[in-house]
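**Q** Just one file: data_13.pdb, with PDB, N, CA and C atoms, pLDDT in the B column.
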```
ATOM      1  N   MET A   1      -8.379 -29.740  28.106  1.00 54.00           N
ATOM      2  CA  MET A   1      -7.377 -28.709  28.068  1.00 54.00           C
ATOM      3  C   MET A   1      -8.036 -27.417  27.605  1.00 54.00           C
ATOM      4  N   ASP A   2      -7.958 -26.372  28.392  1.00 56.00           N
ATOM      5  CA  ASP A   2      -8.633 -25.116  28.119  1.00 56.00           C
ATOM      6  C   ASP A   2      -7.576 -24.065  27.781  1.00 56.00           C
ATOM      7  N   THR A   3      -7.582 -23.569  26.537  1.00 55.00           N
ATOM      8  CA  THR A   3      -6.622 -22.557  26.136  1.00 55.00           C
ATOM      9  C   THR A   3      -7.365 -21.331  25.650  1.00 55.00           C
ATOM     10  N   GLN A   4      -6.746 -20.177  25.799  1.00 55.00           N
ATOM     11  CA  GLN A   4      -7.323 -18.925  25.326  1.00 55.00           C
ATOM     12  C   GLN A   4      -6.396 -18.328  24.285  1.00 55.00           C
ATOM     13  N   THR A   5      -6.994 -17.684  23.311  1.00 53.00           N
ATOM     14  CA  THR A   5      -6.207 -17.011  22.293  1.00 53.00           C
ATOM     15  C   THR A   5      -6.488 -15.523  22.357  1.00 53.00           C
ATOM     16  N   SER A   6      -5.539 -14.724  21.928  1.00 51.00           N
ATOM     17  CA  SER A   6      -5.704 -13.276  21.934  1.00 51.00           C
ATOM     18  C   SER A   6      -6.326 -12.776  20.632  1.00 51.00           C
ATOM     19  N   VAL A   7      -6.705 -13.663  19.737  1.00 52.00           N
ATOM     20  CA  VAL A   7      -7.219 -13.284  18.431  1.00 52.00           C
ATOM     21  C   VAL A   7      -8.744 -13.345  18.387  1.00 52.00           C
ATOM     22  N   GLY A   8      -9.389 -13.654  19.448  1.00 53.00           N
ATOM     23  CA  GLY A   8     -10.838 -13.823  19.472  1.00 53.00           C
ATOM     24  C   GLY A   8     -11.603 -12.543  19.193  1.00 53.00           C
ATOM     25  N   HIS A   9     -12.899 -12.673  18.937  1.00 51.00           N
ATOM     26  CA  HIS A   9     -13.764 -11.540  18.662  1.00 51.00           C
ATOM     27  C   HIS A   9     -14.140 -10.851  19.963  1.00 51.00           C
ATOM     28  N   GLN A  10     -13.954  -9.554  20.013  1.00 54.00           N
ATOM     29  CA  GLN A  10     -14.301  -8.780  21.190  1.00 54.00           C
ATOM     30  C   GLN A  10     -15.749  -8.326  21.076  1.00 54.00           C
ATOM     31  N   PRO A  11     -16.573  -8.542  22.069  1.00 56.00           N
ATOM     32  CA  PRO A  11     -17.958  -8.073  22.012  1.00 56.00           C
ATOM     33  C   PRO A  11     -18.012  -6.555  21.936  1.00 56.00           C
ATOM     34  N   GLY A  12     -18.871  -6.044  21.065  1.00 55.00           N
ATOM     35  CA  GLY A  12     -19.040  -4.606  20.938  1.00 55.00           C
ATOM     36  C   GLY A  12     -18.121  -3.951  19.931  1.00 55.00           C
ATOM     37  N   THR A  13     -17.220  -4.696  19.312  1.00 50.00           N
ATOM     38  CA  THR A  13     -16.346  -4.113  18.293  1.00 50.00           C
ATOM     39  C   THR A  13     -16.790  -4.589  16.927  1.00 50.00           C
ATOM     40  N   ALA A  14     -16.658  -3.713  15.949  1.00 50.00           N
ATOM     41  CA  ALA A  14     -17.063  -4.052  14.588  1.00 50.00           C
ATOM     42  C   ALA A  14     -15.933  -4.795  13.890  1.00 50.00           C
ATOM     43  N   SER A  15     -16.282  -5.717  13.041  1.00 47.00           N
ATOM     44  CA  SER A  15     -15.289  -6.443  12.267  1.00 47.00           C
ATOM     45  C   SER A  15     -14.763  -5.549  11.157  1.00 47.00           C
ATOM     46  N   THR A  16     -13.450  -5.574  10.905  1.00 48.00           N
ATOM     47  CA  THR A  16     -12.883  -4.744   9.849  1.00 48.00           C
ATOM     48  C   THR A  16     -13.128  -5.323   8.473  1.00 48.00           C
ATOM     49  N   LEU A  17     -13.596  -6.553   8.393  1.00 50.00           N
ATOM     50  CA  LEU A  17     -13.848  -7.170   7.100  1.00 50.00           C
ATOM     51  C   LEU A  17     -15.312  -7.075   6.681  1.00 50.00           C
ATOM     52  N   THR A  18     -16.156  -6.543   7.523  1.00 48.00           N
ATOM     53  CA  THR A  18     -17.568  -6.439   7.215  1.00 48.00           C
ATOM     54  C   THR A  18     -17.842  -5.086   6.581  1.00 48.00           C
ATOM     55  N   ALA A  19     -18.359  -5.079   5.375  1.00 52.00           N
ATOM     56  CA  ALA A  19     -18.627  -3.833   4.667  1.00 52.00           C
ATOM     57  C   ALA A  19     -19.887  -3.176   5.229  1.00 52.00           C
ATOM     58  N   GLY A  20     -19.901  -1.841   5.222  1.00 52.00           N
ATOM     59  CA  GLY A  20     -21.082  -1.117   5.621  1.00 52.00           C
ATOM     60  C   GLY A  20     -21.169  -0.799   7.096  1.00 52.00           C
ATOM     61  N   HIS A  21     -20.166  -1.115   7.870  1.00 53.00           N
ATOM     62  CA  HIS A  21     -20.191  -0.818   9.298  1.00 53.00           C
ATOM     63  C   HIS A  21     -19.176   0.270   9.612  1.00 53.00           C
ATOM     64  N   GLY A  22     -19.198   0.761  10.833  1.00 57.00           N
ATOM     65  CA  GLY A  22     -18.301   1.827  11.255  1.00 57.00           C
ATOM     66  C   GLY A  22     -16.835   1.442  11.198  1.00 57.00           C
ATOM     67  N   GLY A  23     -16.513   0.165  11.311  1.00 60.00           N
ATOM     68  CA  GLY A  23     -15.129  -0.286  11.289  1.00 60.00           C
ATOM     69  C   GLY A  23     -14.666  -0.704   9.906  1.00 60.00           C
ATOM     70  N   GLU A  24     -15.292  -0.160   8.880  1.00 66.00           N
ATOM     71  CA  GLU A  24     -14.971  -0.540   7.505  1.00 66.00           C
ATOM     72  C   GLU A  24     -13.524  -0.180   7.170  1.00 66.00           C
ATOM     73  N   MET A  25     -12.868  -1.035   6.421  1.00 76.00           N
ATOM     74  CA  MET A  25     -11.470  -0.819   6.066  1.00 76.00           C
ATOM     75  C   MET A  25     -11.358   0.323   5.064  1.00 76.00           C
ATOM     76  N   LYS A  26     -10.360   1.140   5.232  1.00 89.00           N
ATOM     77  CA  LYS A  26     -10.071   2.247   4.322  1.00 89.00           C
ATOM     78  C   LYS A  26      -8.761   1.917   3.612  1.00 89.00           C
ATOM     79  N   ILE A  27      -8.827   1.029   2.654  1.00 93.00           N
ATOM     80  CA  ILE A  27      -7.623   0.514   2.005  1.00 93.00           C
ATOM     81  C   ILE A  27      -6.882   1.612   1.256  1.00 93.00           C
ATOM     82  N   VAL A  28      -7.593   2.412   0.471  1.00 92.00           N
ATOM     83  CA  VAL A  28      -6.937   3.450  -0.317  1.00 92.00           C
ATOM     84  C   VAL A  28      -6.301   4.485   0.601  1.00 92.00           C
ATOM     85  N   ASP A  29      -7.015   4.895   1.635  1.00 93.00           N
ATOM     86  CA  ASP A  29      -6.465   5.871   2.575  1.00 93.00           C
ATOM     87  C   ASP A  29      -5.230   5.323   3.278  1.00 93.00           C
ATOM     88  N   ASP A  30      -5.273   4.047   3.650  1.00 94.00           N
ATOM     89  CA  ASP A  30      -4.122   3.425   4.303  1.00 94.00           C
ATOM     90  C   ASP A  30      -2.920   3.356   3.367  1.00 94.00           C
ATOM     91  N   LEU A  31      -3.149   3.023   2.097  1.00 93.00           N
ATOM     92  CA  LEU A  31      -2.045   2.956   1.133  1.00 93.00           C
ATOM     93  C   LEU A  31      -1.439   4.330   0.888  1.00 93.00           C
ATOM     94  N   VAL A  32      -2.280   5.350   0.765  1.00 93.00           N
ATOM     95  CA  VAL A  32      -1.781   6.708   0.555  1.00 93.00           C
ATOM     96  C   VAL A  32      -0.940   7.153   1.752  1.00 93.00           C
ATOM     97  N   ALA A  33      -1.432   6.881   2.950  1.00 95.00           N
ATOM     98  CA  ALA A  33      -0.678   7.251   4.150  1.00 95.00           C
ATOM     99  C   ALA A  33       0.647   6.498   4.214  1.00 95.00           C
ATOM    100  N   TYR A  34       0.645   5.217   3.837  1.00 95.00           N
ATOM    101  CA  TYR A  34       1.877   4.429   3.846  1.00 95.00           C
ATOM    102  C   TYR A  34       2.890   4.989   2.852  1.00 95.00           C
ATOM    103  N   PHE A  35       2.445   5.307   1.630  1.00 92.00           N
ATOM    104  CA  PHE A  35       3.365   5.829   0.625  1.00 92.00           C
ATOM    105  C   PHE A  35       3.880   7.218   1.007  1.00 92.00           C
ATOM    106  N   GLN A  36       3.050   8.033   1.626  1.00 95.00           N
ATOM    107  CA  GLN A  36       3.519   9.339   2.082  1.00 95.00           C
ATOM    108  C   GLN A  36       4.584   9.193   3.157  1.00 95.00           C
ATOM    109  N   LYS A  37       4.372   8.277   4.086  1.00 96.00           N
ATOM    110  CA  LYS A  37       5.359   8.040   5.139  1.00 96.00           C
ATOM    111  C   LYS A  37       6.655   7.497   4.547  1.00 96.00           C
ATOM    112  N   TYR A  38       6.537   6.562   3.600  1.00 94.00           N
ATOM    113  CA  TYR A  38       7.715   5.988   2.961  1.00 94.00           C
ATOM    114  C   TYR A  38       8.483   7.058   2.184  1.00 94.00           C
ATOM    115  N   ALA A  39       7.757   7.940   1.488  1.00 94.00           N
ATOM    116  CA  ALA A  39       8.408   8.995   0.706  1.00 94.00           C
ATOM    117  C   ALA A  39       9.156   9.971   1.604  1.00 94.00           C
ATOM    118  N   LYS A  40       8.643  10.228   2.794  1.00 96.00           N
ATOM    119  CA  LYS A  40       9.332  11.121   3.724  1.00 96.00           C
ATOM    120  C   LYS A  40      10.565  10.466   4.316  1.00 96.00           C
ATOM    121  N   GLU A  41      10.496   9.148   4.527  1.00 96.00           N
ATOM    122  CA  GLU A  41      11.629   8.445   5.125  1.00 96.00           C
ATOM    123  C   GLU A  41      12.728   8.140   4.111  1.00 96.00           C
ATOM    124  N   ARG A  42      12.357   7.818   2.878  1.00 96.00           N
ATOM    125  CA  ARG A  42      13.329   7.422   1.853  1.00 96.00           C
ATOM    126  C   ARG A  42      13.040   8.105   0.516  1.00 96.00           C
ATOM    127  N   PRO A  43      13.298   9.417   0.415  1.00 95.00           N
ATOM    128  CA  PRO A  43      12.982  10.117  -0.837  1.00 95.00           C
ATOM    129  C   PRO A  43      13.858   9.687  -2.014  1.00 95.00           C
ATOM    130  N   GLN A  44      15.118   9.314  -1.754  1.00 97.00           N
ATOM    131  CA  GLN A  44      15.998   8.906  -2.852  1.00 97.00           C
ATOM    132  C   GLN A  44      15.528   7.596  -3.465  1.00 97.00           C
ATOM    133  N   THR A  45      15.111   6.660  -2.631  1.00 96.00           N
ATOM    134  CA  THR A  45      14.638   5.371  -3.128  1.00 96.00           C
ATOM    135  C   THR A  45      13.382   5.547  -3.963  1.00 96.00           C
ATOM    136  N   LEU A  46      12.471   6.383  -3.493  1.00 93.00           N
ATOM    137  CA  LEU A  46      11.235   6.621  -4.232  1.00 93.00           C
ATOM    138  C   LEU A  46      11.517   7.332  -5.557  1.00 93.00           C
ATOM    139  N   ALA A  47      12.425   8.302  -5.553  1.00 95.00           N
ATOM    140  CA  ALA A  47      12.771   9.001  -6.784  1.00 95.00           C
ATOM    141  C   ALA A  47      13.407   8.051  -7.793  1.00 95.00           C
ATOM    142  N   LEU A  48      14.272   7.164  -7.333  1.00 97.00           N
ATOM    143  CA  LEU A  48      14.896   6.192  -8.219  1.00 97.00           C
ATOM    144  C   LEU A  48      13.867   5.212  -8.787  1.00 97.00           C
ATOM    145  N   ALA A  49      12.916   4.798  -7.954  1.00 95.00           N
ATOM    146  CA  ALA A  49      11.858   3.902  -8.427  1.00 95.00           C
ATOM    147  C   ALA A  49      10.992   4.593  -9.474  1.00 95.00           C
ATOM    148  N   CYS A  50      10.649   5.864  -9.250  1.00 94.00           N
ATOM    149  CA  CYS A  50       9.856   6.609 -10.240  1.00 94.00           C
ATOM    150  C   CYS A  50      10.626   6.784 -11.538  1.00 94.00           C
ATOM    151  N   LEU A  51      11.915   7.045 -11.455  1.00 97.00           N
ATOM    152  CA  LEU A  51      12.742   7.159 -12.650  1.00 97.00           C
ATOM    153  C   LEU A  51      12.773   5.840 -13.411  1.00 97.00           C
ATOM    154  N   GLY A  52      12.900   4.730 -12.700  1.00 96.00           N
ATOM    155  CA  GLY A  52      12.919   3.418 -13.338  1.00 96.00           C
ATOM    156  C   GLY A  52      11.596   3.089 -14.008  1.00 96.00           C
ATOM    157  N   VAL A  53      10.491   3.370 -13.328  1.00 95.00           N
ATOM    158  CA  VAL A  53       9.169   3.116 -13.920  1.00 95.00           C
ATOM    159  C   VAL A  53       8.972   3.996 -15.147  1.00 95.00           C
ATOM    160  N   GLY A  54       9.371   5.257 -15.068  1.00 93.00           N
ATOM    161  CA  GLY A  54       9.249   6.158 -16.218  1.00 93.00           C
ATOM    162  C   GLY A  54      10.101   5.700 -17.390  1.00 93.00           C
ATOM    163  N   PHE A  55      11.302   5.219 -17.102  1.00 93.00           N
ATOM    164  CA  PHE A  55      12.171   4.720 -18.173  1.00 93.00           C
ATOM    165  C   PHE A  55      11.558   3.508 -18.861  1.00 93.00           C
ATOM    166  N   VAL A  56      11.061   2.567 -18.079  1.00 92.00           N
ATOM    167  CA  VAL A  56      10.467   1.355 -18.655  1.00 92.00           C
ATOM    168  C   VAL A  56       9.211   1.700 -19.448  1.00 92.00           C
ATOM    169  N   LEU A  57       8.353   2.557 -18.905  1.00 91.00           N
ATOM    170  CA  LEU A  57       7.141   2.941 -19.653  1.00 91.00           C
ATOM    171  C   LEU A  57       7.491   3.685 -20.932  1.00 91.00           C
ATOM    172  N   GLY A  58       8.442   4.605 -20.852  1.00 88.00           N
ATOM    173  CA  GLY A  58       8.857   5.334 -22.052  1.00 88.00           C
ATOM    174  C   GLY A  58       9.471   4.422 -23.098  1.00 88.00           C
ATOM    175  N   TRP A  59      10.220   3.449 -22.649  1.00 87.00           N
ATOM    176  CA  TRP A  59      10.853   2.509 -23.567  1.00 87.00           C
ATOM    177  C   TRP A  59       9.810   1.615 -24.226  1.00 87.00           C
ATOM    178  N   ARG A  60       8.836   1.156 -23.423  1.00 88.00           N
ATOM    179  CA  ARG A  60       7.821   0.251 -23.966  1.00 88.00           C
ATOM    180  C   ARG A  60       6.815   0.983 -24.849  1.00 88.00           C
ATOM    181  N   LEU A  61       6.478   2.209 -24.529  1.00 86.00           N
ATOM    182  CA  LEU A  61       5.476   2.951 -25.324  1.00 86.00           C
ATOM    183  C   LEU A  61       6.067   3.573 -26.575  1.00 86.00           C
ATOM    184  N   LYS A  62       7.325   3.963 -26.539  1.00 80.00           N
ATOM    185  CA  LYS A  62       8.063   4.546 -27.666  1.00 80.00           C
ATOM    186  C   LYS A  62       7.220   5.601 -28.405  1.00 80.00           C
ATOM    187  N   PRO A  63       7.009   6.753 -27.768  1.00 69.00           N
ATOM    188  CA  PRO A  63       6.175   7.782 -28.398  1.00 69.00           C
ATOM    189  C   PRO A  63       6.808   8.414 -29.642  1.00 69.00           C
ATOM    190  N   TRP A  64       8.101   8.234 -29.854  1.00 69.00           N
ATOM    191  CA  TRP A  64       8.759   8.829 -30.994  1.00 69.00           C
ATOM    192  C   TRP A  64       8.657   7.976 -32.259  1.00 69.00           C
ATOM    193  N   GLN A  65       8.079   6.806 -32.198  1.00 63.00           N
ATOM    194  CA  GLN A  65       7.948   5.961 -33.392  1.00 63.00           C
ATOM    195  C   GLN A  65       6.521   5.739 -33.747  1.00 63.00           C
TER     196      GLN A  65
END
```
Since I need it in another form, could you write the structure as structure tokens?

**A**
Amino acid sequence: MDTQTSVGHQPGTASTLTAGHGGEMKIVDDLVAYFQKYAKERPQTLALACLGVGFVLGWRLKPWQ
């Protein structure tokens, strides 16, 4: 039984998991782009999340004591 998969390695393309090659993953750049896109699409959700994180950090750090 001969089956083909679409996930195979293409000749001439660099692996995204191999460090030091032209196809190296840009994880930080991808995350920044994702968060920028998310912030443009849902600014209220992001603002509420930032407020919640700030409240929890302020409560846990308690700079007034």

**Q** Step by step, gather every atom of range 41-58 of chain A that the file lists, find the box along x, y and z that holds them, add 4 Å on each side, and finally give centre and edge lengths in Å to one decimal, as lines of an AutoDock Vina configuration file.

**A**
```
center_x = 11.6
center_y = 5.7
center_z = -9.0
size_x = 16.9
size_y = 16.8
size_z = 36.2
```

**Q** To one decimal place, how far is atom N of Trp59 in chain A from CA of Lys40 in chain A in Å?

**A**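 Those two atoms sit 27.5 Å apart.
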
**Q** Tell me, in Å to one decimal, how far atom N of Ala49 in chain A is from atom N of Val28 in chain A.

**A**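 Computing the Euclidean distance for atom N of Ala49 in chain A and atom N of Val28 in chain A yields 22.3 Å.
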
**Q** Can you tell me how far CA of Ala39 in chain A sits from CA of Leu51 in chain A, in Å to one decimal?

**A** 14.2 Å
